[in-house]
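Colleague: This is the structure I have questions about; it appears just below.
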Amino acid sequence: PIILRASVANTDTENGAIDVCWARPDPDNLDTISNPGPYRYEILRAEGITINPADFEPSGVDFTTENFYDPLDTCYTDTGLNTTDQPYSYLVNFYTGFSQTEPIGATNPASSVYLNTSGTDQAIRLVWDEEVPWDNFAFVVFRQNDQGGFDSLATVNQLTYTDAGLINGEEYCYQILALGTYGIESLPDTLFNFSQINCGVPRDDVPPCPPVLAVDDICDERIDCSDESLLQNTLEWTNSNVECPQTEDVAGYRIYYAENEGADFQLVGQTNDAAATLFQHRPDLGIAGCYAVSAIDENGNESELSNFVCVDICLTIIIC
């Protein structure tokens with residue numbers, strides 16, 4: 001026999017269903033004299049996507065006829081499955097004669113199509129997987145509409161698709177239809193197999209670009225160095241909303257300080273205004289240290305650190 005379908009008919013954690021269909025053996029290749037009836041087809045199932053024969057167990061369902069040409073339904077709907085969280089794989093054993101202990105032949109395994117979704121900024125990325133003995137030459141991507149039906153978005157020949165231009169925070173649901181063929185004249189031209197329905201929510205997980213930092217120290221200014229309140233560094237950086245207009249959602253900046261080059265940075269300040277690009281910092285001792293700044297957006301995504309800027313101590317030269 002040749003397996004033709006492992007298509008999800010219902011998506012549910014407990015009452016999921018998968019349609020399994022197969023074609024009978026070619027009668028030209030089966031000697032019914034040497035292999036008399038009854039003829040039995042046994043459906044085996046495995047959890048997940050697998051081709052390992054040891055993973056398959058009898059589903060408890062079989063179909064039997066006394067004569068090879070007797071009418072026989074070669075489709076079965078497997079129910080009571082968790083099609084939401086996992087795919088299933090199937091194969092069909094074929095038995096002849098009265099012993100019914102060892103199959104005379106079996107189909108190759110075929111899995112259902114399993115769809116994963118992951119949300120990103122204003123988009124959802126779809127990735128699906130399958131293991132079938134036929135050639136899936138195209139995949140139709142469907143998205144659920146407001147009426148509960150599904151509209152075709154695109155037809156692709158790879159196992160991924162990104163649905164862009166979405167609204168962050170809203171849920172979108174999808175299903176994949178795999179189109180396949182064995183390329184055998186006696187079999188259907190096109191095999192149709194659906195994945196389960198899977199939903200995702202786009203969310204802003206794209207950090208803004210880092211600002212560019214400059215630091216102005218007091219070494220060139222005429223100040224009284226004995227007044228510690230004057231020992232401070234002035235940090236100024238670029239506005240990331242201006243430098244990277246593709247994000248335009250910067251909500252503030254974080255300022256980091258390290259006592260010397262190579263030391264770990266510590267958070268010493270934060271601004272909650274995208275236009276506030278000036279900060280003054282007074283180290284605990286002197287003015288020496290290194291600085292970096294990051295941008296944060298409205299969803300808490302933080303950019304990489306800006307360029308590092310280090311300040312040395314000031315040298316005071318007294319000429320006598």
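Following the order of the structure tokens, chains are lettered A, B, ..., residues in each are numbered from 1, and ligands are numbered from 1.
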Residues near segment 144-153 of chain A, anyone? I mean within 7 Å using only C-alpha atoms, not counting same-chain ones fewer than 4 positions away, as JSON, numbers by chain.

Modeller: {"A": [140, 172, 173, 174]}

Colleague: Please return, as a list in words, all residues of segment 2-246 of chain A that DSSP assigns to helix (DSSP H, G or I) on the basis of the backbone.

Modeller: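 Helix (DSSP H, G or I) assignments inside segment 2-246 of chain A correspond to Pro27, Asp28, Asn29, Pro53, Ala54, Asp55, Glu228, Ser229, Leu230, Ser240, Asn241, Val242 and Glu243 of chain A.
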
Colleague: Those residues you just picked out, can you put them in a file as a tab-separated table (two decimals), in the first residue's frame with all heavy atoms?

Modeller:
chain	number	residue	atom	x	y	z
A	27	PRO	N	-2.61	-4.31	-7.99
A	27	PRO	CA	-2.98	-5.72	-8.16
A	27	PRO	C	-2.07	-6.45	-9.16
A	27	PRO	O	-1.95	-7.68	-9.10
A	27	PRO	CB	-4.42	-5.66	-8.66
A	27	PRO	CG	-4.59	-4.26	-9.20
A	27	PRO	CD	-3.70	-3.40	-8.39
A	28	ASP	N	-1.43	-5.71	-10.07
A	28	ASP	CA	-0.51	-6.36	-11.01
A	28	ASP	C	0.72	-6.90	-10.31
A	28	ASP	O	1.43	-7.76	-10.84
A	28	ASP	CB	-0.09	-5.38	-12.11
A	28	ASP	CG	-1.25	-5.01	-13.02
A	28	ASP	OD1	-2.21	-5.80	-13.08
A	28	ASP	OD2	-1.19	-3.92	-13.64
A	29	ASN	N	1.01	-6.34	-9.10
A	29	ASN	CA	2.20	-6.78	-8.37
A	29	ASN	C	1.86	-7.70	-7.20
A	29	ASN	O	2.74	-8.04	-6.41
A	29	ASN	CB	2.97	-5.57	-7.84
A	29	ASN	CG	3.51	-4.70	-8.96
A	29	ASN	OD1	3.95	-5.22	-9.98
A	29	ASN	ND2	3.47	-3.39	-8.79
A	53	PRO	N	10.80	2.76	12.60
A	53	PRO	CA	9.72	1.77	12.77
A	53	PRO	C	9.44	1.44	14.23
A	53	PRO	O	8.30	1.12	14.59
A	53	PRO	CB	10.23	0.55	12.00
A	53	PRO	CG	11.21	1.09	11.01
A	53	PRO	CD	11.86	2.26	11.70
A	54	ALA	N	10.46	1.52	15.09
A	54	ALA	CA	10.27	1.18	16.49
A	54	ALA	C	9.38	2.19	17.22
A	54	ALA	O	8.87	1.89	18.31
A	54	ALA	CB	11.63	1.09	17.19
A	55	ASP	N	9.20	3.37	16.65
A	55	ASP	CA	8.38	4.39	17.30
A	55	ASP	C	6.88	4.18	17.08
A	55	ASP	O	6.06	4.79	17.76
A	55	ASP	CB	8.76	5.78	16.78
A	55	ASP	CG	10.18	6.17	17.15
A	55	ASP	OD1	10.68	5.64	18.16
A	55	ASP	OD2	10.77	7.00	16.43
A	228	GLU	N	35.38	69.52	45.25
A	228	GLU	CA	34.99	68.23	44.65
A	228	GLU	C	33.66	68.30	43.92
A	228	GLU	O	33.39	67.48	43.04
A	228	GLU	CB	34.93	67.15	45.73
A	228	GLU	CG	36.29	66.81	46.31
A	228	GLU	CD	36.22	65.62	47.25
A	228	GLU	OE1	35.10	65.08	47.41
A	228	GLU	OE2	37.26	65.22	47.79
A	229	SER	N	32.82	69.27	44.26
A	229	SER	CA	31.53	69.38	43.59
A	229	SER	C	31.68	69.77	42.13
A	229	SER	O	30.76	69.59	41.33
A	229	SER	CB	30.64	70.40	44.31
A	229	SER	OG	31.20	71.71	44.20
A	230	LEU	N	32.86	70.31	41.77
A	230	LEU	CA	33.10	70.71	40.38
A	230	LEU	C	33.73	69.60	39.56
A	230	LEU	O	33.88	69.73	38.35
A	230	LEU	CB	34.00	71.95	40.35
A	230	LEU	CG	33.47	73.18	41.07
A	230	LEU	CD1	34.50	74.31	41.02
A	230	LEU	CD2	32.16	73.64	40.46
A	240	SER	N	18.77	58.66	19.21
A	240	SER	CA	18.61	57.45	18.40
A	240	SER	C	17.37	57.51	17.52
A	240	SER	O	17.31	56.87	16.47
A	240	SER	CB	18.55	56.22	19.29
A	240	SER	OG	19.81	55.99	19.90
A	241	ASN	N	16.35	58.28	17.93
A	241	ASN	CA	15.17	58.42	17.07
A	241	ASN	C	15.51	59.16	15.79
A	241	ASN	O	14.89	58.94	14.74
A	241	ASN	CB	14.06	59.15	17.81
A	241	ASN	CG	13.26	58.23	18.71
A	241	ASN	OD1	13.27	57.02	18.53
A	241	ASN	ND2	12.59	58.79	19.70
A	242	VAL	N	16.49	60.06	15.87
A	242	VAL	CA	16.92	60.82	14.69
A	242	VAL	C	17.88	59.99	13.84
A	242	VAL	O	17.79	59.97	12.61
A	242	VAL	CB	17.55	62.15	15.10
A	242	VAL	CG1	18.08	62.90	13.88
A	242	VAL	CG2	16.55	63.01	15.86
A	243	GLU	N	18.78	59.30	14.53
A	243	GLU	CA	19.80	58.52	13.82
A	243	GLU	C	19.20	57.27	13.18
A	243	GLU	O	19.67	56.82	12.14
A	243	GLU	CB	20.92	58.12	14.79
A	243	GLU	CG	21.70	59.30	15.34
A	243	GLU	CD	22.45	60.06	14.27
A	243	GLU	OE1	23.02	59.42	13.37
A	243	GLU	OE2	22.44	61.31	14.33

Colleague: Would you compute the distance between atom CA of Tyr256 of chain A and atom CA of Gly269 of chain A? Give it in Å to one decimal.

Modeller: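 According to the coordinates, atom CA of Tyr256 of chain A and atom CA of Gly269 of chain A are separated by 7.1 Å.
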
Colleague: So that I can see what lies close to Leu126 of chain A, please list as JSON, numbers by chain the residues with an atom at most 12 Å from it, counting only C-alpha atoms and leaving out residues fewer than 5 positions away in the same chain.

Modeller: {"A": [114, 115, 116, 117, 118, 119, 120, 139, 140, 141, 142, 143, 156, 158, 159, 160, 161, 162, 163, 164, 172, 173, 174, 175, 176, 195, 197, 198, 199, 200, 201, 202]}

Colleague: Just N, CA, C and O atoms for this one: save the residues we selected as a compact mmCIF listing (two decimals), in the first residue's frame.

Modeller:
# COMPACT_ATOMS: atom_id res chain seq x y z
N TYR A 114 3.50 20.18 10.81
CA TYR A 114 3.41 20.86 12.10
C TYR A 114 3.94 22.28 11.97
O TYR A 114 5.07 22.50 11.53
N LEU A 115 3.12 23.23 12.39
CA LEU A 115 3.40 24.67 12.22
C LEU A 115 3.79 25.30 13.54
O LEU A 115 3.12 25.11 14.55
N ASN A 116 4.88 26.08 13.52
CA ASN A 116 5.28 26.91 14.66
C ASN A 116 5.20 28.37 14.26
O ASN A 116 5.48 28.73 13.10
N THR A 117 4.85 29.23 15.22
CA THR A 117 4.79 30.67 14.98
C THR A 117 5.61 31.39 16.04
O THR A 117 5.69 30.95 17.20
N SER A 118 6.23 32.49 15.65
CA SER A 118 6.96 33.33 16.60
C SER A 118 6.76 34.79 16.20
O SER A 118 6.94 35.17 15.05
N GLY A 119 6.36 35.60 17.18
CA GLY A 119 6.08 37.00 16.92
C GLY A 119 7.32 37.87 17.03
O GLY A 119 8.17 37.65 17.89
N THR A 120 7.40 38.85 16.17
CA THR A 120 8.44 39.86 16.24
C THR A 120 7.78 41.20 15.94
O THR A 120 6.55 41.29 15.91
N PHE A 139 3.51 25.07 -0.75
CA PHE A 139 2.79 25.23 0.52
C PHE A 139 1.98 26.51 0.45
O PHE A 139 2.51 27.57 0.12
N VAL A 140 0.68 26.40 0.75
CA VAL A 140 -0.21 27.56 0.76
C VAL A 140 -0.36 28.02 2.21
O VAL A 140 -0.71 27.22 3.09
N VAL A 141 -0.10 29.30 2.43
CA VAL A 141 -0.20 29.88 3.78
C VAL A 141 -1.57 30.55 3.92
O VAL A 141 -1.92 31.43 3.12
N PHE A 142 -2.31 30.13 4.93
CA PHE A 142 -3.63 30.70 5.20
C PHE A 142 -3.60 31.47 6.53
O PHE A 142 -2.95 31.03 7.48
N ARG A 143 -4.34 32.60 6.57
CA ARG A 143 -4.51 33.35 7.81
C ARG A 143 -6.00 33.52 8.09
O ARG A 143 -6.78 33.80 7.17
N VAL A 156 4.29 29.25 -1.31
CA VAL A 156 5.74 29.24 -1.27
C VAL A 156 6.23 27.81 -1.48
O VAL A 156 5.46 26.85 -1.37
N GLN A 158 9.24 26.87 0.18
CA GLN A 158 10.10 26.60 1.31
C GLN A 158 9.27 26.42 2.58
O GLN A 158 8.07 26.62 2.56
N LEU A 159 9.93 26.05 3.68
CA LEU A 159 9.23 25.73 4.91
C LEU A 159 9.15 26.92 5.86
O LEU A 159 9.00 26.73 7.08
N THR A 160 9.21 28.12 5.34
CA THR A 160 9.12 29.32 6.18
C THR A 160 8.34 30.40 5.43
O THR A 160 8.31 30.43 4.20
N TYR A 161 7.74 31.29 6.23
CA TYR A 161 7.06 32.46 5.67
C TYR A 161 6.94 33.50 6.77
O TYR A 161 6.68 33.15 7.93
N THR A 162 7.13 34.78 6.43
CA THR A 162 6.98 35.87 7.38
C THR A 162 5.82 36.75 6.95
O THR A 162 5.82 37.29 5.84
N ASP A 163 4.83 36.86 7.82
CA ASP A 163 3.67 37.71 7.58
C ASP A 163 3.95 39.06 8.23
O ASP A 163 3.98 39.17 9.47
N ALA A 164 4.17 40.09 7.42
CA ALA A 164 4.58 41.39 7.92
C ALA A 164 3.43 42.40 7.82
O ALA A 164 2.36 42.11 7.28
N TYR A 172 -3.01 36.59 15.63
CA TYR A 172 -3.25 36.14 14.26
C TYR A 172 -3.08 34.62 14.23
O TYR A 172 -2.15 34.08 14.84
N CYS A 173 -3.99 33.94 13.51
CA CYS A 173 -3.96 32.48 13.44
C CYS A 173 -3.72 32.01 12.00
O CYS A 173 -4.23 32.63 11.05
N TYR A 174 -2.99 30.90 11.86
CA TYR A 174 -2.53 30.45 10.55
C TYR A 174 -2.72 28.94 10.40
O TYR A 174 -2.81 28.20 11.38
N GLN A 175 -2.73 28.51 9.14
CA GLN A 175 -2.73 27.09 8.79
C GLN A 175 -2.00 26.93 7.46
O GLN A 175 -2.07 27.80 6.59
N ILE A 176 -1.29 25.82 7.33
CA ILE A 176 -0.52 25.53 6.11
C ILE A 176 -1.18 24.38 5.36
O ILE A 176 -1.58 23.37 5.96
N SER A 195 -1.83 21.43 7.95
CA SER A 195 -1.23 21.47 9.29
C SER A 195 -2.31 21.75 10.31
O SER A 195 -3.49 21.96 9.98
N ILE A 197 -3.87 24.37 13.21
CA ILE A 197 -3.99 25.82 13.30
C ILE A 197 -3.12 26.31 14.45
O ILE A 197 -3.17 25.75 15.55
N ASN A 198 -2.32 27.33 14.19
CA ASN A 198 -1.45 27.87 15.23
C ASN A 198 -1.53 29.40 15.19
O ASN A 198 -1.57 29.99 14.11
N CYS A 199 -1.54 30.00 16.37
CA CYS A 199 -1.71 31.45 16.48
C CYS A 199 -0.47 32.09 17.07
O CYS A 199 0.30 31.45 17.80
N GLY A 200 -0.28 33.36 16.77
CA GLY A 200 0.85 34.11 17.31
C GLY A 200 0.48 35.58 17.47
O GLY A 200 -0.50 36.06 16.90
N VAL A 201 1.29 36.27 18.25
CA VAL A 201 1.07 37.69 18.52
C VAL A 201 2.35 38.45 18.18
O VAL A 201 3.41 38.17 18.76
N PRO A 202 2.30 39.39 17.23
CA PRO A 202 3.49 40.20 16.96
C PRO A 202 3.78 41.12 18.14
O PRO A 202 2.87 41.66 18.78

Colleague: As a PyMOL selection string, please: the residues near Val212 of chain A (cut-off 9 Å, only C-alpha atoms, same-chain neighbours under 6 positions excluded).

Modeller: chain A and resi 236-240+292-293+306-307

Colleague: My list of candidates is A:Ile124, A:Val132, A:Leu177, A:Val250. Which is closest to Gly165 of chain A when distances are computed with only C-alpha atoms?

Modeller: A:Ile124

Colleague: Here is a test: counting only C-alpha atoms, which residue of A:Pro71, A:Gly252, A:Leu191, A:Gln196 is nearest to Thr13 of chain A?

Modeller: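 Ranked by minimum distance to Thr13 of chain A, first place goes to A:Gln196.
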
Colleague: Name the residues of segment 154-310 of chain A that fall into strand (DSSP E) according to DSSP on the backbone, using the chain letters and numbers of this document, as a PDB file with C-alpha atoms, in the first residue's frame.

Modeller:
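Once written, part10.pdb looks like this:
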ATOM      1  CA  ALA A 154       0.868  33.246  -0.327  1.00  0.00           C
ATOM      2  CA  THR A 155       2.095  30.063  -1.986  1.00  0.00           C
ATOM      3  CA  VAL A 156       5.742  29.240  -1.274  1.00  0.00           C
ATOM      4  CA  THR A 160       9.116  29.321   6.178  1.00  0.00           C
ATOM      5  CA  TYR A 161       7.065  32.461   5.666  1.00  0.00           C
ATOM      6  CA  THR A 162       6.981  35.870   7.379  1.00  0.00           C
ATOM      7  CA  ASP A 163       3.670  37.713   7.580  1.00  0.00           C
ATOM      8  CA  ALA A 164       4.580  41.394   7.918  1.00  0.00           C
ATOM      9  CA  TYR A 172      -3.254  36.141  14.260  1.00  0.00           C
ATOM     10  CA  CYS A 173      -3.963  32.477  13.438  1.00  0.00           C
ATOM     11  CA  TYR A 174      -2.533  30.447  10.551  1.00  0.00           C
ATOM     12  CA  GLN A 175      -2.730  27.094   8.786  1.00  0.00           C
ATOM     13  CA  ILE A 176      -0.524  25.530   6.111  1.00  0.00           C
ATOM     14  CA  LEU A 177      -1.744  23.432   3.179  1.00  0.00           C
ATOM     15  CA  ALA A 178       0.952  21.209   1.689  1.00  0.00           C
ATOM     16  CA  LEU A 179       0.600  20.285  -1.986  1.00  0.00           C
ATOM     17  CA  GLY A 180       2.443  17.102  -2.931  1.00  0.00           C
ATOM     18  CA  THR A 181       2.784  14.343  -5.495  1.00  0.00           C
ATOM     19  CA  LEU A 191      -2.009  15.313  -2.460  1.00  0.00           C
ATOM     20  CA  PHE A 192      -3.524  17.816  -0.005  1.00  0.00           C
ATOM     21  CA  ASN A 193      -2.427  17.867   3.637  1.00  0.00           C
ATOM     22  CA  PHE A 194      -3.229  20.521   6.232  1.00  0.00           C
ATOM     23  CA  ASN A 198      -1.452  27.869  15.235  1.00  0.00           C
ATOM     24  CA  CYS A 199      -1.709  31.454  16.479  1.00  0.00           C
ATOM     25  CA  GLY A 200       0.851  34.113  17.305  1.00  0.00           C
ATOM     26  CA  LEU A 213      28.666  59.241  22.836  1.00  0.00           C
ATOM     27  CA  ALA A 214      31.011  62.172  23.490  1.00  0.00           C
ATOM     28  CA  VAL A 215      32.366  63.178  26.924  1.00  0.00           C
ATOM     29  CA  ASP A 216      33.590  66.629  27.947  1.00  0.00           C
ATOM     30  CA  ASN A 233      32.093  64.867  33.433  1.00  0.00           C
ATOM     31  CA  THR A 234      29.526  66.017  30.929  1.00  0.00           C
ATOM     32  CA  LEU A 235      28.145  63.297  28.638  1.00  0.00           C
ATOM     33  CA  GLU A 236      26.313  64.091  25.419  1.00  0.00           C
ATOM     34  CA  TRP A 237      25.063  61.653  22.806  1.00  0.00           C
ATOM     35  CA  VAL A 250      13.139  55.351  21.869  1.00  0.00           C
ATOM     36  CA  ALA A 251      11.853  56.257  25.335  1.00  0.00           C
ATOM     37  CA  GLY A 252      15.099  57.058  27.127  1.00  0.00           C
ATOM     38  CA  TYR A 253      18.728  56.197  27.740  1.00  0.00           C
ATOM     39  CA  ARG A 254      20.838  54.340  30.287  1.00  0.00           C
ATOM     40  CA  ILE A 255      24.238  55.636  31.330  1.00  0.00           C
ATOM     41  CA  TYR A 256      26.998  53.231  32.334  1.00  0.00           C
ATOM     42  CA  TYR A 257      30.301  53.936  34.111  1.00  0.00           C
ATOM     43  CA  ALA A 258      33.443  51.873  34.787  1.00  0.00           C
ATOM     44  CA  GLN A 266      27.726  49.816  36.208  1.00  0.00           C
ATOM     45  CA  LEU A 267      24.448  51.656  35.652  1.00  0.00           C
ATOM     46  CA  VAL A 268      24.793  55.177  37.092  1.00  0.00           C
ATOM     47  CA  GLY A 269      21.820  56.953  35.546  1.00  0.00           C
ATOM     48  CA  GLN A 270      18.819  56.831  33.270  1.00  0.00           C
ATOM     49  CA  THR A 271      16.796  59.384  31.358  1.00  0.00           C
ATOM     50  CA  LEU A 278      22.843  65.302  28.210  1.00  0.00           C
ATOM     51  CA  PHE A 279      24.013  63.882  31.533  1.00  0.00           C
ATOM     52  CA  GLN A 280      26.538  65.007  34.147  1.00  0.00           C
ATOM     53  CA  HIS A 281      28.343  62.490  36.315  1.00  0.00           C
ATOM     54  CA  GLY A 289      36.677  56.520  34.271  1.00  0.00           C
ATOM     55  CA  CYS A 290      34.982  55.146  31.167  1.00  0.00           C
ATOM     56  CA  TYR A 291      31.444  55.711  29.911  1.00  0.00           C
ATOM     57  CA  ALA A 292      28.910  54.122  27.562  1.00  0.00           C
ATOM     58  CA  VAL A 293      25.247  54.813  26.824  1.00  0.00           C
ATOM     59  CA  SER A 294      22.409  52.620  25.566  1.00  0.00           C
ATOM     60  CA  ALA A 295      18.963  53.487  24.207  1.00  0.00           C
ATOM     61  CA  ILE A 296      15.777  51.856  25.492  1.00  0.00           C
ATOM     62  CA  ASP A 297      12.440  51.811  23.686  1.00  0.00           C
ATOM     63  CA  VAL A 309      34.763  56.987  26.028  1.00  0.00           C
ATOM     64  CA  CYS A 310      37.374  57.119  28.792  1.00  0.00           C
TER      65      CYS A 310
END

Colleague: So what do you get for atom CA of Asp31 of chain A versus atom CA of Cys75 of chain A, distance-wise?

Modeller: 24.1 Å

Colleague: When you draw a straight line from atom CA of Thr65 of chain A to atom CA of Ser89 of chain A, how long is it in Å?

Modeller: 24.9 Å

Colleague: Would you mind telling me which residue in A:Asp217, A:Asn272, A:Pro133, A:Cys244 lies nearest to Val311 of chain A when using only C-alpha atoms?

Modeller: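 Between A:Asp217, A:Asn272, A:Pro133, A:Cys244, the residue approaching Val311 of chain A most closely is A:Asp217.
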